[in-house]
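**Q** Data file upload_6.pdb (PDB, C-alpha atoms, pLDDT in the B column) is appended below.
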ATOM      1  CA  MET X   1      -7.056   4.400 -41.578  1.00 87.00           C
ATOM      2  CA  VAL X   2      -6.326   2.001 -38.705  1.00 89.00           C
ATOM      3  CA  ARG X   3      -3.987  -0.925 -38.153  1.00 91.00           C
ATOM      4  CA  LEU X   4      -6.261  -3.896 -37.485  1.00 89.00           C
ATOM      5  CA  ILE X   5      -5.518  -6.894 -35.246  1.00 90.00           C
ATOM      6  CA  GLY X   6      -7.801  -9.901 -35.592  1.00 88.00           C
ATOM      7  CA  PRO X   7      -9.606 -11.871 -32.842  1.00 86.00           C
ATOM      8  CA  GLU X   8      -6.728 -14.397 -32.563  1.00 85.00           C
ATOM      9  CA  GLY X   9      -4.065 -11.673 -32.439  1.00 83.00           C
ATOM     10  CA  ASP X  10      -3.047 -11.878 -36.105  1.00 87.00           C
ATOM     11  CA  GLN X  11      -2.256  -8.721 -38.107  1.00 88.00           C
ATOM     12  CA  LEU X  12      -4.941  -7.935 -40.699  1.00 86.00           C
ATOM     13  CA  GLY X  13      -3.119  -4.900 -42.077  1.00 88.00           C
ATOM     14  CA  ILE X  14      -3.959  -1.219 -42.429  1.00 89.00           C
ATOM     15  CA  LEU X  15      -7.587  -0.676 -43.426  1.00 88.00           C
ATOM     16  CA  PRO X  16      -9.998   2.259 -43.601  1.00 91.00           C
ATOM     17  CA  THR X  17     -12.070   2.623 -40.431  1.00 89.00           C
ATOM     18  CA  SER X  18     -15.334   1.723 -42.175  1.00 90.00           C
ATOM     19  CA  GLU X  19     -13.838  -1.557 -43.477  1.00 89.00           C
ATOM     20  CA  ALA X  20     -12.447  -2.374 -40.000  1.00 90.00           C
ATOM     21  CA  ILE X  21     -15.924  -1.904 -38.513  1.00 91.00           C
ATOM     22  CA  ALA X  22     -17.389  -4.148 -41.219  1.00 91.00           C
ATOM     23  CA  VAL X  23     -14.793  -6.870 -40.505  1.00 88.00           C
ATOM     24  CA  ALA X  24     -15.590  -6.677 -36.767  1.00 89.00           C
ATOM     25  CA  GLU X  25     -19.333  -6.973 -37.468  1.00 89.00           C
ATOM     26  CA  GLY X  26     -18.583  -9.958 -39.705  1.00 88.00           C
ATOM     27  CA  HIS X  27     -16.967 -11.701 -36.734  1.00 87.00           C
ATOM     28  CA  GLU X  28     -19.872 -10.511 -34.508  1.00 89.00           C
ATOM     29  CA  LEU X  29     -17.364  -8.824 -32.178  1.00 90.00           C
ATOM     30  CA  ASP X  30     -16.424  -5.274 -31.230  1.00 90.00           C
ATOM     31  CA  LEU X  31     -13.760  -3.008 -32.715  1.00 89.00           C
ATOM     32  CA  VAL X  32     -11.676  -1.564 -29.835  1.00 89.00           C
ATOM     33  CA  GLU X  33      -8.979   1.083 -30.177  1.00 89.00           C
ATOM     34  CA  ILE X  34      -5.887  -0.179 -28.337  1.00 86.00           C
ATOM     35  CA  ALA X  35      -3.221   2.440 -29.094  1.00 86.00           C
ATOM     36  CA  ASP X  36      -4.512   5.839 -30.193  1.00 83.00           C
ATOM     37  CA  GLN X  37      -1.054   7.476 -30.059  1.00 85.00           C
ATOM     38  CA  ALA X  38       0.357   5.192 -32.782  1.00 85.00           C
ATOM     39  CA  ASP X  39       0.444   6.207 -36.435  1.00 85.00           C
ATOM     40  CA  PRO X  40      -1.929   4.806 -37.697  1.00 88.00           C
ATOM     41  CA  PRO X  41      -4.011   4.006 -34.562  1.00 91.00           C
ATOM     42  CA  VAL X  42      -4.140   0.324 -33.579  1.00 92.00           C
ATOM     43  CA  CYS X  43      -7.552  -1.349 -33.265  1.00 91.00           C
ATOM     44  CA  ARG X  44      -8.386  -4.886 -32.235  1.00 91.00           C
ATOM     45  CA  ILE X  45     -11.389  -7.110 -32.838  1.00 91.00           C
ATOM     46  CA  LEU X  46     -12.587  -8.635 -29.555  1.00 90.00           C
ATOM     47  CA  ASN X  47     -15.561  -9.179 -27.267  1.00 90.00           C
ATOM     48  CA  TYR X  48     -15.495  -5.940 -25.266  1.00 90.00           C
ATOM     49  CA  ASN X  49     -17.663  -7.199 -22.369  1.00 92.00           C
ATOM     50  CA  LYS X  50     -15.383 -10.207 -21.864  1.00 90.00           C
ATOM     51  CA  PHE X  51     -12.335  -7.897 -22.080  1.00 87.00           C
ATOM     52  CA  LYS X  52     -13.776  -5.577 -19.392  1.00 91.00           C
ATOM     53  CA  TYR X  53     -14.680  -8.548 -17.156  1.00 94.00           C
ATOM     54  CA  GLU X  54     -11.168 -10.041 -17.363  1.00 91.00           C
ATOM     55  CA  LYS X  55      -9.593  -6.650 -16.691  1.00 91.00           C
ATOM     56  CA  THR X  56     -11.635  -6.089 -13.500  1.00 94.00           C
ATOM     57  CA  LYS X  57     -10.894  -9.666 -12.425  1.00 94.00           C
ATOM     58  CA  LYS X  58      -7.133  -9.030 -12.785  1.00 93.00           C
ATOM     59  CA  ILE X  59      -7.439  -5.856 -10.703  1.00 92.00           C
ATOM     60  CA  LYS X  60      -9.306  -7.738  -7.959  1.00 92.00           C
ATOM     61  CA  ASP X  61      -6.690 -10.508  -7.911  1.00 90.00           C
ATOM     62  CA  ALA X  62      -3.913  -7.933  -7.637  1.00 88.00           C
ATOM     63  CA  LYS X  63      -5.680  -6.323  -4.660  1.00 86.00           C
ATOM     64  CA  LYS X  64      -5.981  -9.705  -2.922  1.00 85.00           C
ATOM     65  CA  LYS X  65      -2.248 -10.333  -3.231  1.00 82.00           C
ATOM     66  CA  GLN X  66      -1.054  -6.979  -1.933  1.00 80.00           C
ATOM     67  CA  LYS X  67      -0.090  -6.564   1.725  1.00 78.00           C
ATOM     68  CA  VAL X  68      -1.746  -3.678   3.555  1.00 77.00           C
ATOM     69  CA  ILE X  69       0.426  -2.038   6.199  1.00 79.00           C
ATOM     70  CA  HIS X  70      -1.561  -0.593   9.075  1.00 85.00           C
ATOM     71  CA  ASN X  71      -0.387   2.257  11.265  1.00 91.00           C
ATOM     72  CA  ARG X  72      -0.823   1.314  14.917  1.00 93.00           C
ATOM     73  CA  GLU X  73      -0.220   3.461  17.980  1.00 95.00           C
ATOM     74  CA  VAL X  74       0.866   2.534  21.485  1.00 95.00           C
ATOM     75  CA  ARG X  75       0.744   5.304  24.109  1.00 95.00           C
ATOM     76  CA  PHE X  76       2.931   5.537  27.177  1.00 95.00           C
ATOM     77  CA  ARG X  77       3.163   7.923  30.129  1.00 94.00           C
ATOM     78  CA  PRO X  78       6.563   9.023  31.484  1.00 92.00           C
ATOM     79  CA  ASN X  79       5.968   7.553  34.990  1.00 91.00           C
ATOM     80  CA  ILE X  80       4.945   4.089  33.760  1.00 91.00           C
ATOM     81  CA  GLU X  81       5.740   1.081  35.937  1.00 93.00           C
ATOM     82  CA  GLU X  82       7.851  -1.795  34.605  1.00 93.00           C
ATOM     83  CA  HIS X  83       5.035  -4.357  34.251  1.00 95.00           C
ATOM     84  CA  ASP X  84       2.757  -1.884  32.467  1.00 96.00           C
ATOM     85  CA  LEU X  85       5.644  -0.965  30.190  1.00 94.00           C
ATOM     86  CA  LEU X  86       6.252  -4.635  29.299  1.00 95.00           C
ATOM     87  CA  THR X  87       2.543  -5.195  28.624  1.00 96.00           C
ATOM     88  CA  LYS X  88       2.413  -2.309  26.146  1.00 96.00           C
ATOM     89  CA  VAL X  89       5.748  -3.294  24.592  1.00 95.00           C
ATOM     90  CA  ASN X  90       4.379  -6.820  24.026  1.00 95.00           C
ATOM     91  CA  LYS X  91       1.357  -5.304  22.265  1.00 95.00           C
ATOM     92  CA  ALA X  92       3.733  -3.283  20.058  1.00 94.00           C
ATOM     93  CA  ARG X  93       5.680  -6.512  19.357  1.00 93.00           C
ATOM     94  CA  GLN X  94       2.462  -8.179  18.168  1.00 93.00           C
ATOM     95  CA  PHE X  95       1.816  -5.289  15.775  1.00 92.00           C
ATOM     96  CA  LEU X  96       5.387  -5.460  14.424  1.00 90.00           C
ATOM     97  CA  GLU X  97       5.177  -9.246  13.982  1.00 90.00           C
ATOM     98  CA  ALA X  98       2.021  -8.717  11.909  1.00 88.00           C
ATOM     99  CA  GLY X  99       4.021  -6.363   9.666  1.00 86.00           C
ATOM    100  CA  ASP X 100       2.376  -3.153  10.844  1.00 89.00           C
ATOM    101  CA  ARG X 101       4.048   0.190  11.475  1.00 92.00           C
ATOM    102  CA  VAL X 102       3.901   1.277  15.145  1.00 94.00           C
ATOM    103  CA  LYS X 103       3.776   4.854  16.368  1.00 95.00           C
ATOM    104  CA  ILE X 104       5.112   5.072  19.903  1.00 95.00           C
ATOM    105  CA  THR X 105       3.785   8.085  21.795  1.00 95.00           C
ATOM    106  CA  VAL X 106       4.832   9.356  25.223  1.00 95.00           C
ATOM    107  CA  MET X 107       2.100  11.633  26.600  1.00 95.00           C
ATOM    108  CA  PHE X 108       2.919  14.407  29.040  1.00 94.00           C
ATOM    109  CA  ARG X 109       0.124  15.910  31.146  1.00 92.00           C
ATOM    110  CA  GLY X 110       0.122  18.698  33.691  1.00 90.00           C
ATOM    111  CA  ARG X 111       3.252  18.770  35.824  1.00 91.00           C
ATOM    112  CA  GLU X 112       4.843  16.023  33.736  1.00 90.00           C
ATOM    113  CA  MET X 113       5.692  18.767  31.200  1.00 89.00           C
ATOM    114  CA  ALA X 114       8.467  19.831  33.588  1.00 90.00           C
ATOM    115  CA  TYR X 115      10.124  16.403  33.072  1.00 88.00           C
ATOM    116  CA  ILE X 116      10.203  16.196  29.283  1.00 91.00           C
ATOM    117  CA  SER X 117      13.759  14.834  29.509  1.00 91.00           C
ATOM    118  CA  ARG X 118      12.310  11.487  30.695  1.00 91.00           C
ATOM    119  CA  GLY X 119      10.630  10.929  27.312  1.00 92.00           C
ATOM    120  CA  PRO X 120      13.713  10.065  25.224  1.00 92.00           C
ATOM    121  CA  ILE X 121      14.980   7.817  28.037  1.00 93.00           C
ATOM    122  CA  LEU X 122      11.660   5.947  28.028  1.00 94.00           C
ATOM    123  CA  ILE X 123      11.712   5.603  24.229  1.00 93.00           C
ATOM    124  CA  ASP X 124      15.260   4.191  24.448  1.00 92.00           C
ATOM    125  CA  ARG X 125      14.026   1.601  26.991  1.00 93.00           C
ATOM    126  CA  ILE X 126      11.148   0.676  24.677  1.00 93.00           C
ATOM    127  CA  MET X 127      13.450   0.365  21.665  1.00 91.00           C
ATOM    128  CA  THR X 128      15.785  -2.013  23.530  1.00 92.00           C
ATOM    129  CA  HIS X 129      12.803  -4.405  23.774  1.00 91.00           C
ATOM    130  CA  LEU X 130      11.805  -3.921  20.111  1.00 90.00           C
ATOM    131  CA  GLU X 131      15.194  -3.730  18.367  1.00 88.00           C
ATOM    132  CA  ASP X 132      15.040  -7.351  17.116  1.00 89.00           C
ATOM    133  CA  LEU X 133      11.665  -6.793  15.375  1.00 87.00           C
ATOM    134  CA  GLY X 134      11.703  -3.181  14.248  1.00 86.00           C
ATOM    135  CA  SER X 135      13.830  -0.235  13.285  1.00 88.00           C
ATOM    136  CA  VAL X 136      13.218   3.444  13.962  1.00 89.00           C
ATOM    137  CA  ASP X 137      11.657   4.991  10.883  1.00 86.00           C
ATOM    138  CA  LYS X 138      11.244   8.470  12.361  1.00 86.00           C
ATOM    139  CA  LYS X 139      13.387   9.859  15.165  1.00 90.00           C
ATOM    140  CA  PRO X 140      11.607  11.005  18.367  1.00 92.00           C
ATOM    141  CA  VAL X 141       9.957  14.394  17.849  1.00 92.00           C
ATOM    142  CA  MET X 142       8.173  16.569  20.395  1.00 92.00           C
ATOM    143  CA  GLU X 143       4.760  17.620  19.057  1.00 90.00           C
ATOM    144  CA  GLY X 144       3.055  19.726  21.699  1.00 91.00           C
ATOM    145  CA  ARG X 145       2.450  17.443  24.697  1.00 93.00           C
ATOM    146  CA  PHE X 146       3.437  14.286  22.806  1.00 95.00           C
ATOM    147  CA  LEU X 147       6.847  12.794  22.086  1.00 94.00           C
ATOM    148  CA  THR X 148       6.434  10.471  19.104  1.00 95.00           C
ATOM    149  CA  THR X 149       8.551   8.073  17.091  1.00 94.00           C
ATOM    150  CA  VAL X 150       7.644   5.580  14.357  1.00 94.00           C
ATOM    151  CA  VAL X 151       8.955   2.008  14.271  1.00 93.00           C
ATOM    152  CA  THR X 152       8.800  -0.084  11.097  1.00 92.00           C
ATOM    153  CA  SER X 153       8.752  -3.872  11.121  1.00 87.00           C
ATOM    154  CA  LYS X 154      11.890  -5.655   9.885  1.00 82.00           C
ATOM    155  CA  LEU X 155       9.848  -8.802   9.186  1.00 75.00           C
ATOM    156  CA  GLY X 156       7.516  -7.341   6.569  1.00 64.00           C
ATOM    157  CA  GLY X 157       4.477  -9.293   7.771  1.00 54.00           C
ATOM    158  CA  LYS X 158       3.433 -12.928   7.728  1.00 50.00           C
TER     159      LYS X 158
END
Translate the structure of the given file into C-alpha coordinates.

**A**
Amino acid sequence: MVRLIGPEGDQLGILPTSEAIAVAEGHELDLVEIADQADPPVCRILNYNKFKYEKTKKIKDAKKKQKVIHNREVRFRPNIEEHDLLTKVNKARQFLEAGDRVKITVMFRGREMAYISRGPILIDRIMTHLEDLGSVDKKPVMEGRFLTTVVTSKLGGK
(Lines of atoms letter the chains of each structure in order from A and count residues from 1; the text may use other names and numbers.)
(Lines give C-alpha, C1' and ligand atoms only; values in the text may rest on other atoms or scores of the structure.)
Protein backbone atom coordinates (compact mmCIF):
# COMPACT_ATOMS: atom_id res chain seq x y z
CA MET A 1 0.00 0.00 0.00
CA VAL A 2 1.27 3.47 -0.94
CA ARG A 3 -0.10 6.99 -0.78
CA LEU A 4 -0.21 8.18 -4.38
CA ILE A 5 0.26 11.76 -5.63
CA GLY A 6 -0.73 12.46 -9.22
CA PRO A 7 1.28 14.24 -11.96
CA GLU A 8 -0.31 17.64 -11.12
CA GLY A 9 0.27 17.22 -7.37
CA ASP A 10 -3.25 16.07 -6.50
CA GLN A 11 -3.84 13.31 -3.93
CA LEU A 12 -5.06 10.06 -5.53
CA GLY A 13 -5.43 8.24 -2.21
CA ILE A 14 -3.94 5.08 -0.73
CA LEU A 15 -3.63 2.31 -3.31
CA PRO A 16 -1.90 -1.07 -3.54
CA THR A 17 1.53 -0.84 -5.15
CA SER A 18 0.48 -2.79 -8.25
CA GLU A 19 -2.43 -0.39 -8.89
CA ALA A 20 -0.13 2.63 -8.40
CA ILE A 21 2.26 1.22 -11.01
CA ALA A 22 -0.66 0.66 -13.38
CA VAL A 23 -1.88 4.25 -12.90
CA ALA A 24 1.65 5.56 -13.60
CA GLU A 25 1.88 3.45 -16.78
CA GLY A 26 -1.53 4.79 -17.81
CA HIS A 27 -0.12 8.32 -17.65
CA GLU A 28 3.07 7.08 -19.42
CA LEU A 29 5.16 8.40 -16.50
CA ASP A 30 7.26 6.91 -13.71
CA LEU A 31 6.25 6.00 -10.16
CA VAL A 32 8.82 7.54 -7.76
CA GLU A 33 8.96 6.95 -4.01
CA ILE A 34 9.21 10.36 -2.33
CA ALA A 35 8.98 9.58 1.40
CA ASP A 36 9.82 6.01 2.38
CA GLN A 37 9.74 6.76 6.14
CA ALA A 38 6.04 7.72 6.07
CA ASP A 39 3.28 5.25 6.90
CA PRO A 40 2.21 4.34 4.22
CA PRO A 41 5.12 5.36 1.92
CA VAL A 42 4.43 8.33 -0.38
CA CYS A 43 4.87 7.85 -4.14
CA ARG A 44 4.47 10.36 -6.92
CA ILE A 45 3.78 10.02 -10.63
CA LEU A 46 6.28 12.08 -12.64
CA ASN A 47 8.80 12.03 -15.47
CA TYR A 48 11.90 10.82 -13.62
CA ASN A 49 14.43 12.00 -16.24
CA LYS A 50 12.99 15.52 -16.17
CA PHE A 51 13.00 15.42 -12.34
CA LYS A 52 16.70 14.40 -12.28
CA TYR A 53 17.60 17.09 -14.85
CA GLU A 54 15.87 19.86 -12.86
CA LYS A 55 17.49 18.68 -9.64
CA THR A 56 21.03 18.81 -11.11
CA LYS A 57 20.24 22.20 -12.65
CA LYS A 58 19.22 23.56 -9.21
CA ILE A 59 22.46 22.24 -7.70
CA LYS A 60 24.52 23.93 -10.44
CA ASP A 61 22.70 27.24 -9.94
CA ALA A 62 23.32 27.05 -6.20
CA LYS A 63 27.04 26.50 -6.82
CA LYS A 64 27.18 29.54 -9.12
CA LYS A 65 25.68 31.78 -6.45
CA GLN A 66 27.92 30.74 -3.58
CA LYS A 67 31.02 32.78 -2.72
CA VAL A 68 34.27 30.82 -2.46
CA ILE A 69 36.70 32.15 0.13
CA HIS A 70 40.32 31.54 -0.76
CA ASN A 71 43.13 31.28 1.75
CA ARG A 72 46.00 33.52 0.68
CA GLU A 73 49.42 33.87 2.28
CA VAL A 74 51.78 36.83 2.46
CA ARG A 75 55.26 36.16 3.86
CA PHE A 76 57.46 38.67 5.63
CA ARG A 77 60.97 38.61 7.08
CA PRO A 78 61.74 40.32 10.42
CA ASN A 79 64.30 42.76 8.92
CA ILE A 80 62.02 44.00 6.12
CA GLU A 81 62.41 47.58 4.91
CA GLU A 82 59.48 50.01 5.00
CA HIS A 83 58.81 50.13 1.24
CA ASP A 84 58.91 46.34 0.92
CA LEU A 85 56.58 46.08 3.90
CA LEU A 86 54.09 48.49 2.29
CA THR A 87 54.22 46.60 -1.01
CA LYS A 88 53.34 43.30 0.68
CA VAL A 89 50.71 44.96 2.88
CA ASN A 90 49.07 46.40 -0.26
CA LYS A 91 48.98 42.89 -1.75
CA ALA A 92 47.31 41.64 1.46
CA ARG A 93 44.82 44.54 1.18
CA GLN A 94 43.91 43.41 -2.34
CA PHE A 95 43.24 39.89 -1.07
CA LEU A 96 41.07 41.21 1.78
CA GLU A 97 39.13 43.49 -0.58
CA ALA A 98 38.38 40.44 -2.73
CA GLY A 99 36.92 38.75 0.37
CA ASP A 100 39.74 36.25 0.85
CA ARG A 101 41.28 35.14 4.13
CA VAL A 102 44.96 36.14 4.48
CA LYS A 103 47.58 34.21 6.41
CA ILE A 104 50.39 36.52 7.46
CA THR A 105 53.66 34.68 8.06
CA VAL A 106 56.90 36.06 9.49
CA MET A 107 59.78 33.74 8.54
CA PHE A 108 62.86 33.47 10.72
CA ARG A 109 66.05 32.01 9.23
CA GLY A 110 69.45 31.35 10.74
CA ARG A 111 70.52 34.01 13.22
CA GLU A 112 67.12 35.70 13.00
CA MET A 113 65.88 32.99 15.41
CA ALA A 114 67.68 34.90 18.17
CA TYR A 115 65.34 37.88 17.54
CA ILE A 116 61.95 36.18 17.65
CA SER A 117 60.64 39.10 19.73
CA ARG A 118 60.61 41.24 16.55
CA GLY A 119 57.88 39.06 15.02
CA PRO A 120 54.91 40.23 17.11
CA ILE A 121 56.05 43.85 16.69
CA LEU A 122 56.11 43.40 12.91
CA ILE A 123 52.66 41.77 12.92
CA ASP A 124 51.32 44.72 14.97
CA ARG A 125 52.74 47.12 12.34
CA ILE A 126 51.08 45.10 9.57
CA MET A 127 47.75 45.02 11.39
CA THR A 128 47.74 48.82 11.81
CA HIS A 129 47.70 49.03 7.99
CA LEU A 130 44.99 46.35 7.63
CA GLU A 131 42.69 47.13 10.56
CA ASP A 132 40.10 48.92 8.38
CA LEU A 133 39.70 45.90 6.05
CA GLY A 134 40.26 42.86 8.24
CA SER A 135 40.13 41.47 11.73
CA VAL A 136 42.45 38.94 13.35
CA ASP A 137 40.85 35.52 13.13
CA LYS A 138 43.72 33.64 14.76
CA LYS A 139 46.19 35.20 17.18
CA PRO A 140 49.91 35.07 16.26
CA VAL A 141 51.34 31.60 16.92
CA MET A 142 54.94 30.43 16.63
CA GLU A 143 55.11 27.25 14.54
CA GLY A 144 58.74 26.21 14.26
CA ARG A 145 60.52 28.97 12.30
CA PHE A 146 57.28 30.72 11.35
CA LEU A 147 55.13 33.18 13.28
CA THR A 148 51.66 33.09 11.72
CA THR A 149 48.35 34.85 12.13
CA VAL A 150 45.15 34.74 10.06
CA VAL A 151 43.21 37.85 9.04
CA THR A 152 39.61 37.63 7.84
CA SER A 153 38.02 40.23 5.59
CA LYS A 154 35.37 42.50 7.15
CA LEU A 155 33.95 43.25 3.69
CA GLY A 156 32.91 39.72 2.77
CA GLY A 157 33.91 40.07 -0.89
CA LYS A 158 32.59 42.01 -3.86

**Q** Rank X:Leu147, X:Ala35, X:Pro78, X:Lys57 by their smallest atom-to-atom distance to Glu112 of chain X, using all atoms listed in the file, and report the top residue only.

**A**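 Closest residue, counting all atoms listed in the file: X:Pro78.
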
**Q** Using all atoms listed in the file, can you list as a list in words the residues within 12 Å of (2.5, -6.7, 21.3)?

**A** Arg72, Glu73, Val74, Leu85, Leu86, Thr87, Lys88, Val89, Asn90, Lys91, Ala92, Arg93, Gln94, Phe95, Leu96, Glu97, Ala98, Gly99, Asp100, Val102, Ile126, His129, Leu130 and Leu133 of chain X

**Q** Any idea what's packed within 8 Å of Cys43 of chain X, counting all atoms listed in the file, ignoring anything in its chain fewer than 5 positions away? Could you give it as a list in words?

**A**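 Returned residues: Val2, Arg3, Leu4, Ile5, Leu31, Val32, Glu33, Ile34 and Ala35 of chain X.
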
**Q** Find the residue from X:Lys58, X:Arg125, X:Arg118, X:Arg75 that sits nearest to Ile104 of chain X; use all atoms listed in the file when measuring.

**A** X:Arg75

**Q** Quick one: of X:Tyr115, X:Ile14, X:Asp132, X:Met107, who's nearest to Asp39 of chain X, counting all atoms listed in the file?

**A** X:Ile14

**Q** One decimal, in Å: what's the spacing between atom CA of Val151 of chain X and atom CA of Ser135 of chain X?

**A** 5.5 Å

**Q** Applying the PyMOL selection byres ((chain X and resi 30) around 7) to the file I just gave you, which residues come out? Please list them as a ChimeraX atom specification.

**A** /X:24,29,31-32,45-48

**Q** Generate a file of the selected residues that holds C-alpha atoms, formatted as a CSV table (one decimal), keeping the file's coordinate frame.

**A**
chain,number,residue,atom,x,y,z
X,24,ALA,CA,-15.6,-6.7,-36.8
X,29,LEU,CA,-17.4,-8.8,-32.2
X,31,LEU,CA,-13.8,-3.0,-32.7
X,32,VAL,CA,-11.7,-1.6,-29.8
X,45,ILE,CA,-11.4,-7.1,-32.8
X,46,LEU,CA,-12.6,-8.6,-29.6
X,47,ASN,CA,-15.6,-9.2,-27.3
X,48,TYR,CA,-15.5,-5.9,-25.3

**Q** Kindly give the distance, in Å, that separates atom CA of Leu15 of chain X and atom CA of Met1 of chain X, rounded to a single decimal.

**A**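 Answer for the atom CA of Leu15 of chain X to atom CA of Met1 of chain X separation: 5.4 Å.
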
**Q** With all atoms listed in the file as the atoms that count, which of X:Lys139, X:Asn79, X:Tyr53, X:Ala22 lies nearest to Met113 of chain X?

**A**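 Between X:Lys139, X:Asn79, X:Tyr53, X:Ala22, the residue approaching Met113 of chain X most closely is X:Asn79.
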
**Q** Report, in Å with one decimal, the straight-line distance from atom CA of Glu82 of chain X to atom CA of His70 of chain X.

**A**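 Between these atoms lies a distance of 27.2 Å.
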
**Q** Determine the nearest neighbour of Glu81 of chain X from the options X:Pro7, X:Lys103, X:Asp61, X:Leu122, counting only C-alpha atoms.

**A** X:Leu122

**Q** Could you give me the centre and size, in Å to one decimal, of an axis-aligned box around all listed atoms of segment 116-135 of chain X with 5 Å added on every side, as lines of an AutoDock Vina configuration file?

**A**
center_x = 13.0
center_y = 4.4
center_z = 22.0
size_x = 15.6
size_y = 33.5
size_z = 27.4

**Q** I'd like the residues picked by the PyMOL selection byres ((chain X and resi 138) around 6) written out as a ChimeraX atom specification, using the chain letters and numbers from the file.

**A** /X:136-137,139,149-150

**Q** For a quick check of understanding, using only C-alpha atoms, which of X:His27, X:Gly134, X:Pro41, X:Pro140 has the smallest distance to Pro120 of chain X?

**A**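 Ranking X:His27, X:Gly134, X:Pro41, X:Pro140 by distance to Pro120 of chain X, first place goes to X:Pro140.
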